[in-house]
Structure formats: structure tokens, C-alpha cells
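Pasting entry-v1.tsv here (TSV, C-alpha atoms):
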```
chain	number	residue	atom	x	y	z
A	651	MET	CA	142.95	38.65	111.83
A	652	VAL	CA	140.01	36.93	110.07
A	653	ARG	CA	136.61	38.50	110.78
A	654	LYS	CA	134.14	36.15	112.48
A	655	ILE	CA	130.70	36.76	111.00
A	656	GLY	CA	127.40	35.08	111.80
A	657	ILE	CA	124.26	34.89	109.68
A	658	ILE	CA	120.87	33.99	111.09
A	659	GLY	CA	118.41	33.32	108.28
A	660	THR	CA	119.76	31.60	105.19
A	661	GLY	CA	116.90	31.98	102.76
A	662	MET	CA	117.61	33.16	99.22
A	663	LEU	CA	119.18	36.46	100.30
A	664	GLY	CA	120.97	35.15	103.40
A	665	ASN	CA	122.42	32.25	101.46
A	666	ALA	CA	123.78	34.56	98.75
A	667	VAL	CA	125.25	37.02	101.26
A	668	GLY	CA	126.89	34.12	103.07
A	669	LEU	CA	128.39	32.61	99.94
A	670	HIS	CA	129.94	35.95	99.00
A	671	LEU	CA	131.37	36.43	102.50
A	672	LEU	CA	132.93	32.97	102.30
A	673	GLU	CA	134.45	33.82	98.93
A	674	SER	CA	135.81	36.99	100.57
A	675	ASN	CA	137.60	34.86	103.19
A	676	PHE	CA	135.47	35.65	106.23
A	677	ASP	CA	134.97	33.06	108.96
A	678	LEU	CA	131.24	32.30	108.78
A	679	THR	CA	128.84	30.67	111.26
A	680	VAL	CA	125.22	30.21	110.23
A	681	TYR	CA	121.86	29.19	111.65
A	682	ASN	CA	118.52	28.64	109.98
A	683	ARG	CA	115.35	27.20	111.47
A	684	THR	CA	115.13	24.85	108.46
A	685	LYS	CA	118.61	23.31	108.55
A	686	GLU	CA	118.44	22.07	104.94
A	687	LYS	CA	118.76	25.68	103.80
A	688	THR	CA	122.28	25.86	105.24
A	689	SER	CA	123.67	22.94	103.22
A	690	GLU	CA	125.21	24.98	100.39
A	691	LEU	CA	126.96	27.27	102.86
A	692	GLN	CA	128.20	24.29	104.85
A	693	ASN	CA	129.61	22.72	101.70
A	694	LYS	CA	131.50	25.96	101.01
A	695	GLY	CA	133.05	26.06	104.47
A	696	ALA	CA	130.55	27.70	106.81
A	697	LYS	CA	130.08	26.36	110.32
A	698	VAL	CA	126.43	25.36	110.83
A	699	VAL	CA	125.10	25.52	114.41
A	700	SER	CA	121.82	24.60	116.05
A	701	SER	CA	120.82	27.90	117.69
A	702	PRO	CA	121.21	31.69	117.50
A	703	LYS	CA	123.02	31.44	120.84
A	704	GLU	CA	125.80	29.43	119.18
A	705	VAL	CA	126.00	31.94	116.34
A	706	ALA	CA	126.58	34.67	118.93
A	707	GLU	CA	129.24	32.65	120.72
A	708	ASN	CA	131.18	32.21	117.46
A	709	SER	CA	130.78	35.73	115.98
A	710	GLU	CA	131.79	39.32	116.44
A	711	LEU	CA	129.11	40.54	114.02
A	712	ILE	CA	125.76	38.80	113.51
A	713	ILE	CA	123.70	39.59	110.40
A	714	ILE	CA	120.01	38.83	110.85
A	715	ILE	CA	117.99	38.16	107.67
A	716	VAL	CA	114.61	36.81	108.77
A	717	LYS	CA	110.94	37.22	107.85
A	718	ASP	CA	109.62	39.89	110.22
A	719	ALA	CA	110.01	41.69	113.54
A	720	GLU	CA	108.51	38.78	115.49
A	721	ALA	CA	111.17	36.48	114.06
A	722	VAL	CA	113.89	39.02	114.91
A	723	LYS	CA	112.68	39.16	118.52
A	724	GLU	CA	112.43	35.39	118.80
A	725	ILE	CA	115.97	34.66	117.61
A	726	SER	CA	117.31	37.60	119.63
A	727	PHE	CA	115.56	37.29	122.98
A	728	GLY	CA	113.93	33.84	122.96
A	729	ASN	CA	115.22	30.51	124.26
A	730	SER	CA	118.77	29.85	123.02
A	731	GLY	CA	118.67	33.30	121.44
A	732	ILE	CA	121.44	35.76	120.74
A	733	LEU	CA	121.35	37.19	124.26
A	734	GLU	CA	122.27	33.84	125.75
A	735	GLY	CA	125.47	33.81	123.70
A	736	LYS	CA	126.47	37.44	124.21
A	737	HIS	CA	130.05	38.45	124.84
A	738	GLU	CA	132.08	41.65	124.88
A	739	GLY	CA	132.14	43.42	121.52
A	740	LEU	CA	129.23	41.50	119.99
A	741	THR	CA	127.31	43.55	117.40
A	742	VAL	CA	124.06	42.75	115.61
A	743	ALA	CA	123.14	44.04	112.13
A	744	ASP	CA	119.48	43.56	111.17
A	745	MET	CA	119.07	43.13	107.41
A	746	SER	CA	115.40	42.11	107.72
A	747	THR	CA	112.58	44.32	106.43
A	748	ILE	CA	110.67	45.38	109.53
A	749	ASN	CA	108.61	48.19	111.02
A	750	PRO	CA	110.99	51.02	112.05
A	751	LEU	CA	109.20	51.46	115.38
A	752	GLU	CA	109.70	47.77	116.13
A	753	SER	CA	113.34	48.20	115.13
A	754	LYS	CA	113.78	50.98	117.70
A	755	ASN	CA	112.33	48.81	120.45
A	756	ILE	CA	114.56	45.89	119.50
A	757	THR	CA	117.61	48.19	119.49
A	758	LYS	CA	116.68	49.47	122.95
A	759	ASN	CA	116.32	45.93	124.27
A	760	PHE	CA	119.74	44.97	122.93
A	761	LEU	CA	121.32	48.08	124.45
A	762	GLU	CA	119.93	47.15	127.85
A	763	HIS	CA	122.11	44.04	127.54
A	764	LYS	CA	125.12	46.02	126.26
A	765	ILE	CA	124.78	44.83	122.65
A	766	ILE	CA	124.73	47.41	119.85
A	767	LYS	CA	122.32	46.78	116.98
A	768	LEU	CA	122.66	48.38	113.58
A	769	ASP	CA	119.85	48.65	111.01
A	770	THR	CA	121.20	47.37	107.68
A	771	PRO	CA	118.40	46.55	105.20
A	772	VAL	CA	119.45	46.19	101.58
A	773	MET	CA	118.09	46.69	98.08
A	774	GLY	CA	118.79	44.02	95.48
A	775	GLY	CA	118.20	40.30	95.31
A	776	PRO	CA	120.36	37.19	95.56
A	777	ASN	CA	121.79	37.78	92.08
A	778	LEU	CA	123.41	40.99	93.35
A	779	ALA	CA	124.22	39.67	96.82
A	780	ILE	CA	126.30	36.83	95.41
A	781	VAL	CA	128.68	39.35	93.82
A	782	GLY	CA	128.59	41.99	96.57
A	783	GLU	CA	126.57	44.51	94.55
A	784	LEU	CA	123.72	45.23	96.97
A	785	VAL	CA	122.72	48.73	98.03
A	786	LEU	CA	122.92	48.90	101.82
A	787	ILE	CA	120.96	51.40	103.89
A	788	ALA	CA	122.32	51.69	107.42
A	789	SER	CA	121.40	53.55	110.58
A	790	GLY	CA	122.40	53.36	114.21
A	791	ASP	CA	125.68	53.97	116.01
A	792	LYS	CA	128.16	55.40	113.49
A	793	GLU	CA	131.28	54.36	115.39
A	794	THR	CA	130.09	50.75	115.49
A	795	PHE	CA	129.14	50.87	111.82
A	796	ASP	CA	132.62	52.11	110.93
A	797	LYS	CA	134.13	49.27	112.98
A	798	PHE	CA	132.53	46.77	110.58
A	799	LYS	CA	132.60	48.87	107.44
A	800	ASP	CA	134.96	46.44	105.74
A	801	VAL	CA	132.29	43.73	106.04
A	802	PHE	CA	129.50	45.95	104.73
A	803	GLU	CA	131.66	47.10	101.82
A	804	LYS	CA	132.02	43.46	100.78
A	805	ILE	CA	128.26	43.00	100.88
A	806	ALA	CA	127.30	46.21	99.08
A	807	SER	CA	128.69	48.36	96.28
A	808	LYS	CA	126.74	51.38	97.55
A	809	ILE	CA	126.18	52.32	101.19
A	810	PHE	CA	123.98	55.05	102.63
A	811	PHE	CA	124.41	55.79	106.34
A	812	LEU	CA	121.52	57.62	108.01
A	813	GLU	CA	121.11	59.09	111.48
A	814	GLY	CA	118.64	57.64	113.96
A	815	ASN	CA	117.67	54.08	114.84
A	816	GLY	CA	114.94	52.74	112.59
A	817	THR	CA	115.53	55.24	109.80
A	818	ALA	CA	117.07	52.69	107.46
A	819	HIS	CA	114.07	50.40	107.86
A	820	LEU	CA	111.73	53.31	107.09
A	821	VAL	CA	113.61	53.98	103.85
A	822	LYS	CA	113.57	50.27	102.99
A	823	LEU	CA	109.78	50.17	103.35
A	824	SER	CA	109.46	53.27	101.19
A	825	MET	CA	111.62	51.58	98.56
A	826	ASN	CA	109.48	48.45	98.61
A	827	LEU	CA	106.42	50.64	98.20
A	828	GLN	CA	107.98	51.86	94.93
A	829	ILE	CA	108.68	48.29	93.82
A	830	THR	CA	105.06	47.34	94.49
A	831	MET	CA	103.69	50.17	92.38
A	832	LEU	CA	106.15	49.65	89.53
A	833	ALA	CA	105.30	45.95	89.27
A	834	LEU	CA	101.60	46.75	89.16
A	835	ALA	CA	102.01	49.58	86.63
A	836	LEU	CA	104.08	47.40	84.30
A	837	SER	CA	101.65	44.51	84.65
A	838	GLU	CA	98.65	46.66	83.78
A	839	GLY	CA	100.45	48.33	80.86
A	840	ILE	CA	101.44	44.94	79.46
A	841	THR	CA	97.90	43.63	79.96
A	842	LEU	CA	96.39	46.64	78.19
A	843	MET	CA	98.71	46.15	75.20
A	844	ARG	CA	97.81	42.47	74.97
A	845	SER	CA	94.09	43.25	75.15
A	846	ALA	CA	94.45	44.97	71.75
A	847	ASN	CA	96.66	42.17	70.37
A	848	VAL	CA	99.69	44.47	70.27
A	849	GLU	CA	103.10	43.03	71.22
A	850	PRO	CA	103.92	44.40	74.73
A	851	LYS	CA	107.62	44.56	73.86
A	852	ILE	CA	106.74	47.66	71.83
A	853	PHE	CA	105.42	49.28	75.01
A	854	LEU	CA	108.59	48.36	76.92
A	855	ASP	CA	110.96	49.53	74.19
A	856	ILE	CA	109.24	52.92	74.00
A	857	LEU	CA	108.98	53.23	77.78
A	858	ASN	CA	112.69	52.52	78.08
A	859	SER	CA	113.52	55.25	75.59
A	860	THR	CA	112.06	57.84	77.98
A	861	TYR	CA	112.97	59.12	81.40
A	862	PHE	CA	110.05	57.12	82.82
A	863	LYS	CA	112.16	53.96	82.49
A	864	THR	CA	113.30	52.04	85.56
A	865	GLY	CA	115.61	49.16	86.27
A	866	MET	CA	112.53	46.98	86.47
A	867	SER	CA	111.25	48.08	83.07
A	868	GLU	CA	114.68	47.58	81.52
A	869	ASN	CA	115.29	44.13	82.99
A	870	LYS	CA	112.54	42.22	84.74
A	871	ALA	CA	109.77	43.48	82.47
A	872	TYR	CA	111.16	41.57	79.48
A	873	LYS	CA	111.11	38.39	81.54
A	874	MET	CA	107.56	39.22	82.60
A	875	ILE	CA	106.26	39.28	79.02
A	876	GLN	CA	107.94	35.91	78.44
A	877	GLY	CA	106.11	34.48	81.46
A	878	LYS	CA	109.36	34.00	83.41
A	879	PHE	CA	108.74	34.54	87.12
A	880	ASP	CA	111.61	32.66	88.78
A	881	PRO	CA	111.69	34.16	92.27
A	882	THR	CA	114.42	36.43	93.52
A	883	PHE	CA	111.89	37.94	95.96
A	884	THR	CA	108.56	36.18	96.20
A	885	LEU	CA	105.15	37.71	95.76
A	886	ALA	CA	104.22	36.46	99.24
A	887	ASN	CA	107.25	38.19	100.77
A	888	LEU	CA	106.42	41.46	99.07
A	889	ARG	CA	102.83	41.20	100.32
A	890	LYS	CA	104.24	40.76	103.85
A	891	ASP	CA	106.22	43.98	103.39
A	892	ILE	CA	103.13	45.76	102.04
A	893	SER	CA	101.35	44.87	105.27
A	894	THR	CA	104.30	46.27	107.25
A	895	ILE	CA	104.18	49.49	105.21
A	896	ILE	CA	100.48	49.91	106.03
A	897	ASP	CA	101.05	49.25	109.74
A	898	THR	CA	103.93	51.75	109.79
A	899	ALA	CA	101.84	54.40	108.01
A	900	LYS	CA	99.05	53.95	110.56
A	901	ALA	CA	101.57	54.33	113.40
A	902	PHE	CA	102.68	57.64	111.90
A	903	GLY	CA	99.07	58.75	111.36
A	904	VAL	CA	99.06	58.86	107.56
A	905	LYS	CA	96.85	57.20	104.95
A	906	LEU	CA	98.44	55.66	101.86
A	907	PRO	CA	95.45	54.71	99.69
A	908	MET	CA	97.42	53.20	96.80
A	909	ILE	CA	99.41	50.75	98.92
A	910	GLU	CA	96.19	49.74	100.70
A	911	LYS	CA	94.69	48.90	97.31
A	912	ALA	CA	97.85	47.06	96.33
A	913	ASP	CA	97.52	45.00	99.50
A	914	GLU	CA	94.09	43.82	98.35
A	915	ILE	CA	95.45	42.84	94.93
A	916	TYR	CA	98.50	40.99	96.24
A	917	SER	CA	96.41	39.23	98.90
A	918	GLU	CA	94.04	37.95	96.22
A	919	ALA	CA	97.00	36.84	94.10
A	920	ILE	CA	98.30	34.75	97.00
A	921	LYS	CA	94.87	33.21	97.55
A	922	SER	CA	94.90	32.30	93.85
A	923	GLY	CA	98.17	30.40	94.24
A	924	PHE	CA	100.75	32.93	92.96
A	925	GLY	CA	102.56	33.52	96.27
A	926	LYS	CA	105.68	31.47	95.50
A	927	MET	CA	106.31	33.27	92.20
A	928	ASP	CA	108.56	36.29	91.89
A	929	TYR	CA	106.67	39.43	92.93
A	930	THR	CA	106.46	40.40	89.24
A	931	GLY	CA	104.19	37.36	88.89
A	932	ILE	CA	101.42	39.79	89.78
A	933	LEU	CA	101.18	40.02	85.97
A	934	ALA	CA	100.17	36.34	85.86
A	935	TYR	CA	97.43	37.03	88.42
A	936	ILE	CA	96.11	39.99	86.43
A	937	LYS	CA	96.12	37.79	83.32
A	938	LYS	CA	94.10	35.15	85.19
A	939	ILE	CA	91.38	37.53	86.38
A	940	ASN	CA	91.00	38.80	82.81
A	941	GLU	CA	90.51	35.28	81.52
A	942	SER	CA	87.83	34.34	84.02
```
Could you express the structure from this file as C-alpha cells?
Amino acid sequence: MVRKIGIIGTGMLGNAVGLHLLESNFDLTVYNRTKEKTSELQNKGAKVVSSPKEVAENSELIIIIVKDAEAVKEISFGNSGILEGKHEGLTVADMSTINPLESKNITKNFLEHKIIKLDTPVMGGPNLAIVGELVLIASGDKETFDKFKDVFEKIASKIFFLEGNGTAHLVKLSMNLQITMLALALSEGITLMRSANVEPKIFLDILNSTYFKTGMSENKAYKMIQGKFDPTFTLANLRKDISTIIDTAKAFGVKLPMIEKADEIYSEAIKSGFGKMDYTGILAYIKKINES
């Protein structure tokens, strides 16, 4: 029997996940607030509908990939939302990056209507999603997760299942904190090299010969020094996640001074017009402030 999957949110990541699911012979129904962003999926065989309610009516598993917790709540519980299309066996998997405390409340609300929600944020961009190579971090009801494990194994090449609702979203935020700091560290190292008229590739080559290397330093950093910032995850989206990290830290009563400083830097970069670049475009912003 063909699995009936729904996707709500067909931005860069949602579109790539959907295309791979279609290639894997799943029955796919999609909704996006901006309908134009569903055109590629429609051309590949997805059914495009006009509301989250209709996605629910046509799916056994709905994957949500939207901007923030407010968007998750709107498409879930708002007018023509998921709840209005609920049926027996419907499961929701939230792949958005949201506050883990918000995630718990959303899960509770779904359960009150007899719908199980899983937390399923991922690491990796559209380039990995299109070939099913994401890293998926899941938490929630294990029996329900196992019921749809075949779907998640198509989406991701590595899966980590954690106990407790919201835990996966907490890990995802911690991962994006690392990404933020790595992008800034690479940008400042590259800028320092250039300030002395030394080719920054030397810095990267030496860095990547040590155990301080990262996937970012081995791959994206070489594009950074070439001024290539084609977005796989925009600077504005990362800044949104930085804000969520800070809000989550405050809720848990801890101060994270470095991410608070990073928030100031990324906010200024957006004000300067760099928001639509890849998040590694923070290098371009740092270059600009050194030229002024």
C-alpha cells in the first residue's frame, strides 16, 4: 500500500524533501501559503491543495516545515487548519526549528484532539534533502515513530531518536548555535588573513589539516572566500533561529553571552541588506564594515 504523505511548507527544504519522497514513490499532498512555491512538486506529481485541512484529509503523516512556532500553531489550529481535517490514525511530524517549550505545548494540544505529534527537525540543507541524506533528530512517541520509520529513513541517512517531547528541537537549536559560531569564526579568520594580504586559502588548508576542521571549513568555507553565497539556508533564517535560541535559554534560566552577541551581528547584517544570502554571507557583512 502506497504511503500517503503531506507536506505543509514547501520552501527550499520542504521542496527538496517533497521531491525526494516523490522519487521514492510516496503519494504526496502539499500546501504552501505562497502557492507558486509548490509548482515544481506539482509538476513532479504532487497533489497541491488550498489549505492544511485538505492536506490532513489526504494524508496519514503530515510533515510541517514552516518558519516558527506561530506558523506551526496557525496551520495546525487556525481556520482550515490540520485539526479540521483530522481522521483516525493521522500523525504530525514537525520538522520546523522552534522553541522546545512551544513544541511541548503544541504536542499537548494535538493530543487533546487525539492526534500524535512527533518532533523531527533535521540537519542538512536542500542539497542533502534531495538525495535523502539529512540527519534527523526525533522525539515523541516511539511506537508512532516506528510506524513511520520507513518514511523517515527515506528522508535521512542518519536518525537519532530521543526521549521526551521537545528534546529534538532543543538539540536542533544547540546545533544551530554551533553553526552560528563556526560561520563567524571562519569569517573573522578569513578577514584577518586578508587584512595582511595573505591568501585565506592557506588558512583553510592548514585548518583542515588539523582536528579543528569541520564540514563547514572543508566545504562552504572555500565558497566563502570566492564570494559565493548562494543560499541553502538564509542569513535571515539563521538569525530567526538565533532569536529562538536566546528565548529558549531565558526560559531555562541560563545566559549565553556569545549567541547574544551573534544576534547583534546578524541583526546588523540583515539591516545592511545581507538577509537573503546564505548564512555564511556574514563574511560579506564583516568585509563591508571593514571597508567603511
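Across A:Lys870, A:His737, A:Lys754, A:Lys863, the tightest approach to His819 of chain A is made by A:Lys754 when counting all atoms listed in the file.
Between atom CA of Asn755 of chain A and atom CA of Ala779 of chain A the interatomic distance comes to 28.0 Å.
Closest approach to Ser845 of chain A among A:Glu813, A:Asp796, A:Glu941, A:Glu762 is made by A:Glu941 (distances from only C-alpha atoms).
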- Query: Can you list, as a list in words, every protein, DNA or RNA residue that comes within 9 Å of Asn777 of chain A when you count all atoms listed in the file, leaving out same-chain residues fewer than 3 positions away?
  - Reply: Leu663, Ala666, Gly774, Ile780, Val781, Glu783 and Thr882 of chain A
Residues of the last selection are to be written out with C-alpha atoms, as a short mmCIF file (atom, residue, chain, number, x, y, z; two decimals), in the frame of the given file.
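Saved to part.cif:
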```cif
data_model
loop_
_atom_site.label_atom_id
_atom_site.label_comp_id
_atom_site.auth_asym_id
_atom_site.auth_seq_id
_atom_site.Cartn_x
_atom_site.Cartn_y
_atom_site.Cartn_z
CA LEU A 663 119.18 36.46 100.30
CA ALA A 666 123.78 34.56 98.75
CA GLY A 774 118.79 44.02 95.48
CA ILE A 780 126.30 36.83 95.41
CA VAL A 781 128.68 39.35 93.82
CA GLU A 783 126.57 44.51 94.55
CA THR A 882 114.42 36.43 93.52
#
```
- Item | Residues within 12 Å of Gly865 of chain A, all atoms listed in the file, excluding chain neighbours under 3 positions, as a PyMOL selection string | chain A and resi 774+828-829+832-833+836+854+857-858+861-862+868-872
- Do a neighbour search on Ser922 of chain A at 12 Å with all atoms listed in the file, toss out local chain neighbours closer than 6 positions, and write the hits as a ChimeraX atom specification. /A:885-886,915-916,931-932,934-939
- Query: Quick one: residues within 7 Å of segment 703-718 of chain A, only C-alpha atoms counted, chain neighbours fewer than 4 positions away excluded, as an MDAnalysis selection string?
  - Reply: chainID A and resid 654:659 664 679:681 699 722 730:736 739:748
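Interatomic distance, atom CA of Phe853 of chain A against atom CA of Val785 of chain A: 28.8 Å.
Among the candidates A:Glu686, A:Glu720, A:Glu752, A:Asp791, the one nearest to Lys767 of chain A when counting only C-alpha atoms is A:Asp791.
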- Message: Every residue with an atom at most 12 Å from (122.4, 25.3, 101.5) (file coordinates; only C-alpha atoms) is what I'm after, so could you write them as a PyMOL selection string?
- Response: chain A and resi 659-666+668-669+680-682+684-698
- Counting all atoms listed in the file, which residues come within 12 Å of (130.3, 53.6, 100.1), with the point read in the file's coordinates, and could you list them as a PyMOL selection string? chain A and resi 783-788+796+799-811
